[in-house]
Every structure is written in C-alpha cells, then in structure tokens.
>>> print(open('start_33.csv').read())   # CSV, C-alpha atoms
chain,number,residue,atom,x,y,z
A,1187,MET,CA,26.4,-27.9,17.5
A,1188,VAL,CA,25.4,-24.6,19.0
A,1189,ASN,CA,22.2,-24.7,21.1
A,1190,LEU,CA,20.0,-22.6,23.4
A,1191,SER,CA,22.3,-23.3,26.4
A,1192,ASP,CA,25.2,-21.7,24.6
A,1193,VAL,CA,23.1,-18.6,23.9
A,1194,ALA,CA,21.9,-18.5,27.5
A,1195,ARG,CA,25.4,-18.7,28.9
A,1196,LYS,CA,26.7,-16.0,26.5
A,1197,ALA,CA,23.8,-13.7,27.4
A,1198,HIS,CA,23.9,-14.6,31.2
A,1199,VAL,CA,20.2,-15.5,31.1
A,1200,SER,CA,18.1,-18.7,31.4
A,1201,LYS,CA,17.3,-21.0,28.5
A,1202,MET,CA,13.6,-20.1,29.1
A,1203,THR,CA,14.4,-16.5,28.5
A,1204,VAL,CA,16.2,-17.2,25.3
A,1205,SER,CA,13.3,-19.3,24.1
A,1206,ARG,CA,10.8,-16.5,25.0
A,1207,VAL,CA,12.9,-14.0,23.0
A,1208,ILE,CA,12.9,-16.3,20.0
A,1209,ASN,CA,9.3,-17.5,20.1
A,1210,HIS,CA,7.5,-14.6,21.8
A,1211,PRO,CA,9.4,-11.4,21.1
A,1212,ASP,CA,6.4,-9.3,21.9
A,1213,GLN,CA,6.6,-10.5,25.5
A,1214,VAL,CA,10.1,-9.2,26.2
A,1215,SER,CA,11.7,-5.8,26.7
A,1216,PRO,CA,13.8,-4.2,23.9
A,1217,GLU,CA,16.8,-4.3,26.1
A,1218,LEU,CA,16.5,-8.1,26.7
A,1219,MET,CA,15.8,-8.6,23.0
A,1220,THR,CA,19.0,-6.8,22.1
A,1221,LEU,CA,21.0,-8.7,24.7
A,1222,VAL,CA,19.9,-12.1,23.5
A,1223,GLN,CA,20.1,-11.2,19.8
A,1224,ARG,CA,23.7,-10.2,20.3
A,1225,ALA,CA,24.4,-13.5,22.0
A,1226,ILE,CA,22.7,-15.4,19.2
A,1227,LYS,CA,24.9,-13.7,16.7
A,1228,ALA,CA,28.1,-14.1,18.8
A,1229,VAL,CA,27.7,-17.9,19.1
A,1230,GLY,CA,26.2,-18.5,15.7
A,1231,TYR,CA,23.0,-20.0,16.8
A,1232,VAL,CA,20.3,-20.7,14.2
A,1233,PRO,CA,16.8,-21.3,15.6
A,1234,ASN,CA,15.2,-24.5,14.4
A,1235,GLN,CA,12.2,-23.4,12.5
A,1236,VAL,CA,10.6,-26.9,12.5
A,1237,ALA,CA,11.0,-27.0,16.3
A,1238,ARG,CA,9.4,-23.5,16.6
A,1239,ALA,CA,6.5,-24.6,14.5
A,1240,LEU,CA,5.9,-27.7,16.6
A,1241,VAL,CA,6.1,-25.8,19.9
A,1242,ASN,CA,3.8,-23.0,18.8
A,1243,GLN,CA,1.6,-25.1,16.6
A,1244,ARG,CA,2.2,-22.8,13.6
A,1245,HIS,CA,3.6,-23.1,10.1
A,1246,TYR,CA,5.2,-19.6,10.0
A,1247,VAL,CA,3.8,-19.0,6.5
A,1248,ILE,CA,1.7,-16.0,5.5
A,1249,ARG,CA,-0.2,-16.0,2.2
A,1250,PHE,CA,-0.5,-13.0,0.0
A,1251,LEU,CA,-3.8,-13.4,-1.9
A,1252,LEU,CA,-4.0,-11.3,-5.0
A,1253,LEU,CA,-7.6,-11.1,-6.3
A,1254,GLU,CA,-7.3,-9.0,-9.4
A,1255,ASP,CA,-6.1,-9.5,-12.9
A,1256,VAL,CA,-2.3,-9.8,-12.8
A,1257,ALA,CA,-2.0,-8.3,-16.3
A,1258,THR,CA,-3.5,-5.0,-15.1
A,1259,VAL,CA,-1.9,-4.6,-11.7
A,1260,GLU,CA,0.3,-1.6,-11.0
A,1261,PRO,CA,4.1,-1.9,-10.4
A,1262,ASN,CA,3.5,-1.1,-6.8
A,1263,TYR,CA,2.7,-4.7,-6.1
A,1264,ALA,CA,6.4,-5.7,-6.7
A,1265,LYS,CA,7.5,-3.0,-4.2
A,1266,LEU,CA,4.9,-4.0,-1.7
A,1267,LEU,CA,5.7,-7.7,-1.9
A,1268,ILE,CA,9.4,-7.2,-1.4
A,1269,ARG,CA,8.7,-5.1,1.7
A,1270,LEU,CA,6.2,-7.6,3.0
A,1271,ALA,CA,8.6,-10.6,2.5
A,1272,HIS,CA,11.4,-8.7,4.2
A,1273,ASN,CA,9.4,-7.7,7.2
A,1274,LEU,CA,7.9,-11.2,7.6
A,1275,GLN,CA,11.3,-12.7,7.3
A,1276,GLN,CA,12.5,-10.5,10.2
A,1277,LYS,CA,9.7,-12.0,12.2
A,1278,GLY,CA,10.5,-15.6,11.2
A,1279,TYR,CA,7.7,-16.0,8.7
A,1280,THR,CA,7.7,-16.9,5.0
A,1281,LEU,CA,5.6,-15.2,2.4
A,1282,GLU,CA,3.7,-17.3,-0.3
A,1283,ILE,CA,1.7,-15.9,-3.2
A,1284,SER,CA,-1.7,-17.2,-4.4
A,1285,LEU,CA,-4.4,-16.1,-6.8
A,1286,ASP,CA,-7.0,-18.6,-5.5
A,1287,ILE,CA,-9.4,-17.6,-2.8
A,1288,THR,CA,-10.5,-21.2,-2.4
A,1289,ALA,CA,-7.1,-22.6,-1.8
A,1290,GLU,CA,-6.6,-24.7,1.4
A,1291,THR,CA,-5.5,-23.0,4.5
A,1292,GLN,CA,-4.1,-25.9,6.5
A,1293,SER,CA,-0.5,-25.0,5.8
A,1294,ILE,CA,-0.6,-21.3,6.5
A,1295,ASP,CA,-1.1,-19.1,9.5
A,1296,GLY,CA,-2.8,-16.0,8.0
A,1297,ILE,CA,-3.7,-14.2,4.8
A,1298,ILE,CA,-3.0,-10.7,3.4
A,1299,VAL,CA,-5.6,-9.9,0.7
A,1300,SER,CA,-5.3,-7.4,-2.1
A,1301,GLY,CA,-7.5,-6.6,-5.0
A,1302,TRP,CA,-10.6,-7.9,-3.2
A,1303,ARG,CA,-14.1,-6.9,-4.3
A,1304,GLN,CA,-17.2,-6.6,-2.2
A,1305,GLU,CA,-18.4,-10.0,-3.3
A,1306,ASP,CA,-15.1,-11.5,-1.9
A,1307,LEU,CA,-15.6,-10.3,1.6
A,1308,LEU,CA,-18.2,-12.9,2.7
A,1309,LYS,CA,-15.9,-15.8,1.6
A,1310,LEU,CA,-12.9,-14.1,3.4
A,1311,GLN,CA,-14.9,-13.8,6.6
A,1312,THR,CA,-15.4,-17.6,6.7
A,1313,LEU,CA,-11.8,-18.5,6.5
A,1314,ASP,CA,-10.3,-20.3,9.5
A,1315,VAL,CA,-7.1,-18.2,9.6
A,1316,PRO,CA,-6.6,-14.5,10.4
A,1317,VAL,CA,-7.1,-12.1,7.5
A,1318,THR,CA,-5.8,-8.6,6.9
A,1319,LEU,CA,-7.0,-6.6,3.9
A,1320,TYR,CA,-4.7,-4.3,1.9
A,1321,GLY,CA,-7.3,-1.7,1.1
A,1322,ALA,CA,-9.7,0.1,3.5
A,1323,ALA,CA,-12.4,-2.3,4.7
A,1324,PRO,CA,-16.0,-1.3,4.3
A,1325,PRO,CA,-17.8,0.2,7.3
A,1326,ASN,CA,-18.8,-2.5,9.9
A,1327,SER,CA,-16.7,-5.1,8.3
A,1328,PRO,CA,-15.3,-7.7,10.7
A,1329,LEU,CA,-12.0,-7.8,8.9
A,1330,SER,CA,-9.0,-5.6,9.7
A,1331,SER,CA,-7.3,-3.5,7.1
A,1332,VAL,CA,-4.4,-1.3,6.2
A,1333,ASP,CA,-4.5,1.3,3.4
A,1334,VAL,CA,-3.1,4.6,2.2
A,1335,ASP,CA,-5.6,7.5,2.9
A,1336,ASN,CA,-6.8,7.8,-0.7
A,1337,GLN,CA,-9.1,10.7,-0.1
A,1338,ALA,CA,-6.5,12.7,1.9
A,1339,GLY,CA,-3.9,12.0,-0.8
A,1340,ILE,CA,-6.1,13.6,-3.6
A,1341,GLU,CA,-7.1,16.4,-1.2
A,1342,LYS,CA,-3.4,17.2,-0.8
A,1343,ALA,CA,-2.8,17.1,-4.5
A,1344,THR,CA,-5.8,19.3,-5.3
A,1345,GLU,CA,-4.9,21.8,-2.5
A,1346,TYR,CA,-1.4,21.9,-3.8
A,1347,MET,CA,-2.5,22.7,-7.3
A,1348,TRP,CA,-4.7,25.5,-6.0
A,1349,ARG,CA,-1.8,27.0,-4.0
A,1350,GLN,CA,0.3,26.9,-7.2
A,1351,GLY,CA,-2.1,29.3,-8.8
A,1352,TYR,CA,-4.1,26.9,-10.9
A,1353,ARG,CA,-7.9,27.6,-10.8
A,1354,ASP,CA,-9.2,25.5,-13.6
A,1355,ILE,CA,-8.6,22.1,-12.1
A,1356,TYR,CA,-9.7,18.8,-13.7
A,1357,TYR,CA,-9.8,15.4,-12.1
A,1358,ILE,CA,-9.3,12.3,-14.2
A,1359,GLY,CA,-10.4,9.3,-12.1
A,1360,LEU,CA,-10.8,5.6,-12.5
A,1361,SER,CA,-13.9,4.0,-14.0
A,1362,LEU,CA,-14.0,1.4,-11.2
A,1363,ASP,CA,-16.7,0.7,-8.7
A,1364,LEU,CA,-14.2,0.3,-5.9
A,1365,PRO,CA,-13.8,2.1,-2.6
A,1366,PHE,CA,-10.3,3.5,-3.3
A,1367,ALA,CA,-11.4,5.0,-6.6
A,1368,LYS,CA,-14.4,6.7,-5.0
A,1369,GLN,CA,-12.3,8.0,-2.1
A,1370,ARG,CA,-9.8,9.6,-4.5
A,1371,GLU,CA,-12.6,11.4,-6.4
A,1372,ALA,CA,-14.2,12.5,-3.1
A,1373,GLY,CA,-10.9,14.1,-2.2
A,1374,TYR,CA,-10.9,16.3,-5.3
A,1375,ARG,CA,-14.6,17.2,-4.9
A,1376,ALA,CA,-14.1,18.1,-1.2
A,1377,VAL,CA,-11.3,20.6,-2.0
A,1378,MET,CA,-13.1,22.2,-5.0
A,1379,ALA,CA,-16.3,22.6,-3.0
A,1380,GLN,CA,-14.3,24.3,-0.2
A,1381,LYS,CA,-12.6,26.6,-2.7
A,1382,GLY,CA,-15.7,27.3,-4.8
A,1383,GLY,CA,-14.0,26.1,-7.9
A,1384,ARG,CA,-15.5,24.6,-11.0
A,1385,VAL,CA,-15.8,20.8,-10.7
A,1386,ASN,CA,-14.5,18.9,-13.8
A,1387,VAL,CA,-14.6,15.2,-13.2
A,1388,TYR,CA,-13.9,12.6,-15.9
A,1389,GLN,CA,-13.2,8.9,-15.7
A,1390,THR,CA,-11.2,6.4,-17.7
A,1391,GLU,CA,-9.6,3.0,-17.4
A,1392,ASN,CA,-6.1,2.7,-16.0
A,1393,HIS,CA,-4.3,2.9,-19.3
A,1394,ALA,CA,-2.1,5.7,-20.6
A,1395,HIS,CA,-3.4,5.6,-24.2
A,1396,LEU,CA,-7.0,5.9,-23.0
A,1397,ALA,CA,-6.1,8.9,-20.8
A,1398,ASP,CA,-4.3,10.4,-23.8
A,1399,THR,CA,-7.4,10.1,-26.0
A,1400,LEU,CA,-9.7,11.5,-23.2
A,1401,LEU,CA,-7.5,14.6,-22.7
A,1402,THR,CA,-7.1,15.2,-26.4
A,1403,ASN,CA,-10.9,15.6,-26.5
A,1404,LEU,CA,-11.1,17.8,-23.4
A,1405,MET,CA,-8.4,20.4,-24.0
A,1406,HIS,CA,-10.6,22.8,-25.9
A,1407,ASN,CA,-12.4,23.4,-22.6
A,1408,PHE,CA,-9.2,24.5,-20.7
A,1409,GLU,CA,-9.1,28.0,-19.1
A,1410,LEU,CA,-5.3,28.4,-18.8
A,1411,PRO,CA,-3.5,27.9,-16.6
A,1412,THR,CA,-5.2,24.5,-16.1
A,1413,ALA,CA,-4.2,21.7,-13.7
A,1414,ILE,CA,-5.0,18.0,-14.0
A,1415,VAL,CA,-5.2,15.8,-10.9
A,1416,CYS,CA,-4.9,12.1,-11.9
A,1417,ALA,CA,-6.1,9.1,-9.9
A,1418,THR,CA,-2.9,7.1,-10.9
A,1419,ASP,CA,0.5,7.7,-12.4
A,1420,ARG,CA,-0.4,5.6,-15.4
A,1421,ILE,CA,-3.3,7.9,-16.2
A,1422,ALA,CA,-1.0,10.9,-15.6
A,1423,LEU,CA,1.4,9.4,-18.2
A,1424,GLY,CA,-1.3,9.5,-20.9
A,1425,VAL,CA,-2.4,13.0,-19.8
A,1426,LEU,CA,1.1,14.3,-20.1
A,1427,ARG,CA,1.5,12.9,-23.6
A,1428,ALA,CA,-1.7,14.7,-24.7
A,1429,VAL,CA,-1.0,18.0,-23.0
A,1430,GLN,CA,2.6,18.2,-24.3
A,1431,ARG,CA,1.4,18.3,-27.9
A,1432,VAL,CA,-0.5,21.5,-27.3
A,1433,TYR,CA,0.6,23.3,-24.1
A,1434,HIS,CA,3.7,24.1,-22.1
A,1435,ILE,CA,4.0,22.1,-18.9
A,1436,PRO,CA,3.8,23.4,-16.2
A,1437,ARG,CA,3.3,27.0,-17.2
A,1438,GLU,CA,0.1,26.5,-19.1
A,1439,CYS,CA,-0.9,23.1,-17.7
A,1440,GLY,CA,0.2,21.3,-14.5
A,1441,VAL,CA,-0.2,17.5,-14.0
A,1442,ILE,CA,0.0,15.4,-10.8
A,1443,GLY,CA,-0.3,11.7,-10.4
A,1444,PHE,CA,-0.8,9.2,-7.6
A,1445,ASP,CA,1.3,6.2,-6.5
A,1446,GLY,CA,5.0,7.2,-6.9
A,1447,VAL,CA,6.4,3.8,-7.5
A,1448,PHE,CA,8.0,3.6,-11.0
A,1449,ILE,CA,6.0,5.3,-13.8
A,1450,ASP,CA,6.5,8.8,-12.3
A,1451,GLN,CA,10.3,8.4,-12.9
A,1452,LEU,CA,9.8,7.6,-16.6
A,1453,THR,CA,8.1,10.8,-17.8
A,1454,GLN,CA,9.7,13.8,-19.3
A,1455,PRO,CA,9.3,16.3,-17.7
A,1456,GLN,CA,9.3,14.3,-14.5
A,1457,LEU,CA,6.0,13.8,-12.8
A,1458,THR,CA,4.9,15.4,-9.6
A,1459,THR,CA,3.0,12.6,-7.7
A,1460,VAL,CA,1.3,11.6,-4.5
A,1461,ARG,CA,3.6,8.9,-3.2
A,1462,GLN,CA,2.4,5.9,-1.3
A,1463,PRO,CA,4.7,5.1,1.6
A,1464,PHE,CA,5.0,1.3,0.9
A,1465,ALA,CA,7.6,0.7,3.5
A,1466,LEU,CA,5.3,1.9,6.2
A,1467,ILE,CA,2.3,0.2,4.6
A,1468,ALA,CA,4.1,-3.1,4.6
A,1469,GLU,CA,5.3,-2.6,8.2
A,1470,LYS,CA,1.7,-2.0,9.4
A,1471,ILE,CA,0.3,-4.9,7.4
A,1472,VAL,CA,2.8,-7.3,8.9
A,1473,ALA,CA,2.4,-6.0,12.4
A,1474,GLN,CA,-1.4,-6.4,12.1
A,1475,ILE,CA,-1.5,-10.0,10.7
A,1476,ILE,CA,1.1,-11.3,13.1
A,1477,SER,CA,-0.7,-9.6,16.0
A,1478,GLN,CA,-3.8,-11.5,15.0
A,1479,ILE,CA,-1.9,-14.8,14.7
A,1480,GLU,CA,0.0,-14.6,17.9
A,1481,SER,CA,-2.6,-13.1,20.2
A,1482,GLU,CA,-4.3,-15.5,22.5
A,1483,ASN,CA,-7.4,-13.4,22.7
A,1484,THR,CA,-9.7,-12.1,20.0
A,1485,LEU,CA,-8.6,-8.7,18.9
A,1486,GLU,CA,-10.8,-5.8,18.0
A,1487,VAL,CA,-11.1,-4.9,14.3
A,1488,GLU,CA,-8.3,-2.5,13.4
A,1489,ASN,CA,-8.4,-0.3,10.3
A,1490,THR,CA,-5.2,1.6,9.7
A,1491,SER,CA,-5.0,4.6,7.4
A,1492,ILE,CA,-1.7,6.0,6.3
A,1493,LEU,CA,-1.2,9.5,5.0
A,1494,PRO,CA,0.8,9.8,1.7
A,1495,ASP,CA,3.0,12.7,0.8
A,1496,ILE,CA,3.6,14.7,-2.4
A,1497,VAL,CA,6.8,14.5,-4.4
A,1498,VAL,CA,7.2,17.7,-6.3
A,1499,ARG,CA,8.9,17.5,-9.6
A,1500,GLU,CA,8.7,19.4,-13.0
A,1501,THR,CA,5.1,19.0,-14.0
A,1502,THR,CA,3.7,21.5,-11.4
A,1503,ASN,CA,6.3,24.1,-10.8
A,1504,LEU,CA,4.8,27.3,-12.2
>>> encode(input="start_33.csv", output="structure tokens")
Amino acid sequence: MVNLSDVARKAHVSKMTVSRVINHPDQVSPELMTLVQRAIKAVGYVPNQVARALVNQRHYVIRFLLLEDVATVEPNYAKLLIRLAHNLQQKGYTLEISLDITAETQSIDGIIVSGWRQEDLLKLQTLDVPVTLYGAAPPNSPLSSVDVDNQAGIEKATEYMWRQGYRDIYYIGLSLDLPFAKQREAGYRAVMAQKGGRVNVYQTENHAHLADTLLTNLMHNFELPTAIVCATDRIALGVLRAVQRVYHIPRECGVIGFDGVFIDQLTQPQLTTVRQPFALIAEKIVAQIISQIESENTLEVENTSILPDIVVRETTNL
C-alpha cells in the first residue's frame, strides 16, 4: 500500500513536508505544492480523509443552507452549487445541503448561507461554526459575505441602454424587501439622476406572467424608443412577451435582464443580460469559508463584492 513515505521519497522531501502540503496547503509555496502533488499522482497515493479529520479535528464537511422557498428559487442555484461542490472538493471538503437553520452543527465545519432574511441573522450569529453569507451582509454585521455588486450591475445596464440611444428607460424591479432588490433599483435611480432622465420604477413578483401583465398595462405610456431594465431574467422574459405583441425589439423597445444563467438563452430574440460570474463567486465563497475554518486566529469580517458584466445579444442592438 502506498503511503506518505513513498510520496516523500518520490518528491525528495520529508514526510512532514508532504503532510503539510496535504493538511495545510496554505502554508507551503506554490512550487512545493506542485512538486508534492506530482509525486502523489506518480505513486498513486490517496490521502486518508479519516486520518486527516482526526489529525485536524475537522469533519471536512461544509453545509449549504438555503433559507428560501425552493419552489421559487432561480436556476442560478444549480450552477452555484455545482461550482461550490467542485471547489470544495479540490480543497478536500464535501458539500451538504440543508433547508433547516436549526439543524445540528456537530458534524460540519462551516456553513454557507443563501436566501437569508434580516430575522435570520441573529440566529446565524450564534452558531458555533464559521458562517459565510451569499448575499451582501448588512452594515456592521459580524458575518462575512460574498455577493455580486447588484447596484453596479444595474448601473451598467442602465448606462448601456442610455448609450444605445434609449431615453425613455423603465425599471421593473422585485417587490421584495431585501437588500439585493433595493440595491438593483438604486443602481437604476442613480444613473437616471445623473442623466437627468425621467424615472419610471415599477415592481412585480419574480414571475414572467406577472411581468407580462404589468407591461401590457404600461405600454401606452412609452415614448419610443423605450428601454426596459429588468431586475431578473425571469421578469425580462415576461416583459419580452408583452412588448413583442406591440413593438419591434430592439428598434422600438430594448430589454435587458439580470442573472445570465439559463432563462436568457431561451428567449427569442435572445436576451441581453447582466451576467453574474458564478465561477468567481463560488471561488470567493469557498476561499472565505475555508479561511475562517482553518485560521488559528479570529479573522476580520470580510465582505467581498464582485462586478458582473453585460452579455449583449439581440434585445438591445438598435
């Protein structure tokens, strides 16, 4: 059976060095990491996860805690979960999924939380394992977080529509009392204030048919060419359906969404959208939670905000 000694001989280093590379990769240089990893692959060594857990007094399990109605969540969760699981696996951790904030924490090392509400934060602060929020933490929160920069994303979208020549720009937001929904609306308002444009803000639930109904009742107010900035791709899908029955897209009316995961690829014409960089988001979340778990000292609260980009397609090209 291949063991640490075999790896050490192959890499021409000590067993202690090999152990440090496996159990504390943050403490070794990239060159040493590469050297030992090559030796591990060459001799076919498989680290004993149980032994690692005993030595480090860890379980090597991270929980993804989803605190919103599964029936209404966006497809982006699937993409995010796949990325999180892959990145954690690369670090030697396993991802488990839970919907219960009160579940025991004796068998896990940390928690990634999504879909949280203000009332959940107090409970999350009392947990005895490190916690990272997916979604920007409120000011002065003791919990670290990672999120896309929602306000900057909608600012980009609104600015882009203005540059395209649209001046009558509407914003269809989410009727949710949540930070990200408010941040997205604030992005639209900021750009329109800067440009001196007319502010047209409406809200709906995150359902395409409700957005369709809303737009059907709004279109008599349009001053062509009109642009519609949507808080989500799902809202944009309903907006497109309504607008297509009356106007030419994008010549008379342009539409842009937010998320860029799946729905944007189903529309005809194809939807321009603000794309969330889920690969980078997952990478930052994993780095943050593992840093909290493996650090011997108390870390400062870290709130990471990631800029999204715009994917230009057929619904905005004048």
>>> atom_distance(input="start_33.csv", atom1="CA of Gly1373 in chain A", atom2="CA of Ala1338 in chain A")
6.2 Å
>>> closest_residue(input="start_33.csv", among="A:Gln1462, A:Arg1370, A:Gln1389, A:Met1347", to="Gly1440 in chain A", atoms="all atoms listed in the file")
A:Met1347
>>> closest_residue(input="start_33.csv", among="A:Ala1372, A:Val1487, A:Ile1248, A:Leu1308", to="Tyr1279 in chain A", atoms="all atoms listed in the file")
A:Ile1248
>>> atom_distance(input="start_33.csv", atom1="CA of Asn1326 in chain A", atom2="CA of Ala1473 in chain A")
21.6 Å
>>> atom_distance(input="start_33.csv", atom1="CA of Ala1225 in chain A", atom2="CA of Ala1197 in chain A")
5.4 Å
>>> residues_around(input="start_33.csv", residues="Thr1203 in chain A", least_positions_apart="2", cutoff="9 Å", atoms="all atoms listed in the file", output="ChimeraX atom specification")
/A:1194,1199-1201,1205-1208,1214,1218,1222
>>> residues_around(input="start_33.csv", residues="Pro1455 in chain A", least_positions_apart="2", cutoff="7 Å", atoms="all atoms listed in the file", output="PDB file with C-alpha atoms, in the frame of the given file")
ATOM      1  CA  THR A1453       8.100  10.800 -17.800  1.00  0.00           C
ATOM      2  CA  LEU A1457       6.000  13.800 -12.800  1.00  0.00           C
ATOM      3  CA  GLU A1500       8.700  19.400 -13.000  1.00  0.00           C
ATOM      4  CA  THR A1501       5.100  19.000 -14.000  1.00  0.00           C
TER       5      THR A1501
END
>>> closest_residue(input="start_33.csv", among="A:Gly1230, A:Pro1216, A:Gly1359, A:Pro1365", to="Ala1322 in chain A", atoms="all atoms listed in the file")
A:Pro1365
>>> residues_around(input="start_33.csv", residues="Glu1282 in chain A", least_positions_apart="3", cutoff="8 Å", atoms="only C-alpha atoms", output="list in words")
Val1247, Ile1248, Arg1249 and Phe1250 of chain A
>>> closest_residue(input="start_33.csv", among="A:Ser1481, A:Ser1491, A:Gln1292, A:Thr1459", to="Ala1343 in chain A", atoms="all atoms listed in the file")
A:Thr1459
>>> residues_around(input="start_33.csv", residues="Leu1307 in chain A", least_positions_apart="4", cutoff="9 Å", atoms="all atoms listed in the file", output="number ranges by chain")
A: 1302-1303, 1311-1312, 1327, 1329
>>> residues_around(input="start_33.csv", residues="Asp1286 in chain A", least_positions_apart="4", cutoff="9 Å", atoms="only C-alpha atoms", output="NGL selection string")
:A and (1251-1253)
>>> closest_residue(input="start_33.csv", among="A:Val1232, A:Gly1296, A:Thr1288, A:Ala1413", to="Ile1476 in chain A", atoms="all atoms listed in the file")
A:Gly1296
>>> closest_residue(input="start_33.csv", among="A:Ser1293, A:Thr1490, A:Ser1300, A:Ser1361", to="Leu1267 in chain A", atoms="only C-alpha atoms")
A:Ser1300
>>> residues_near_point(input="start_33.csv", point="(-11.5, -17.5, 7.8)", cutoff="12 Å", atoms="all atoms listed in the file", output="ChimeraX atom specification")
/A:1287-1292,1294-1299,1306-1318,1328-1329
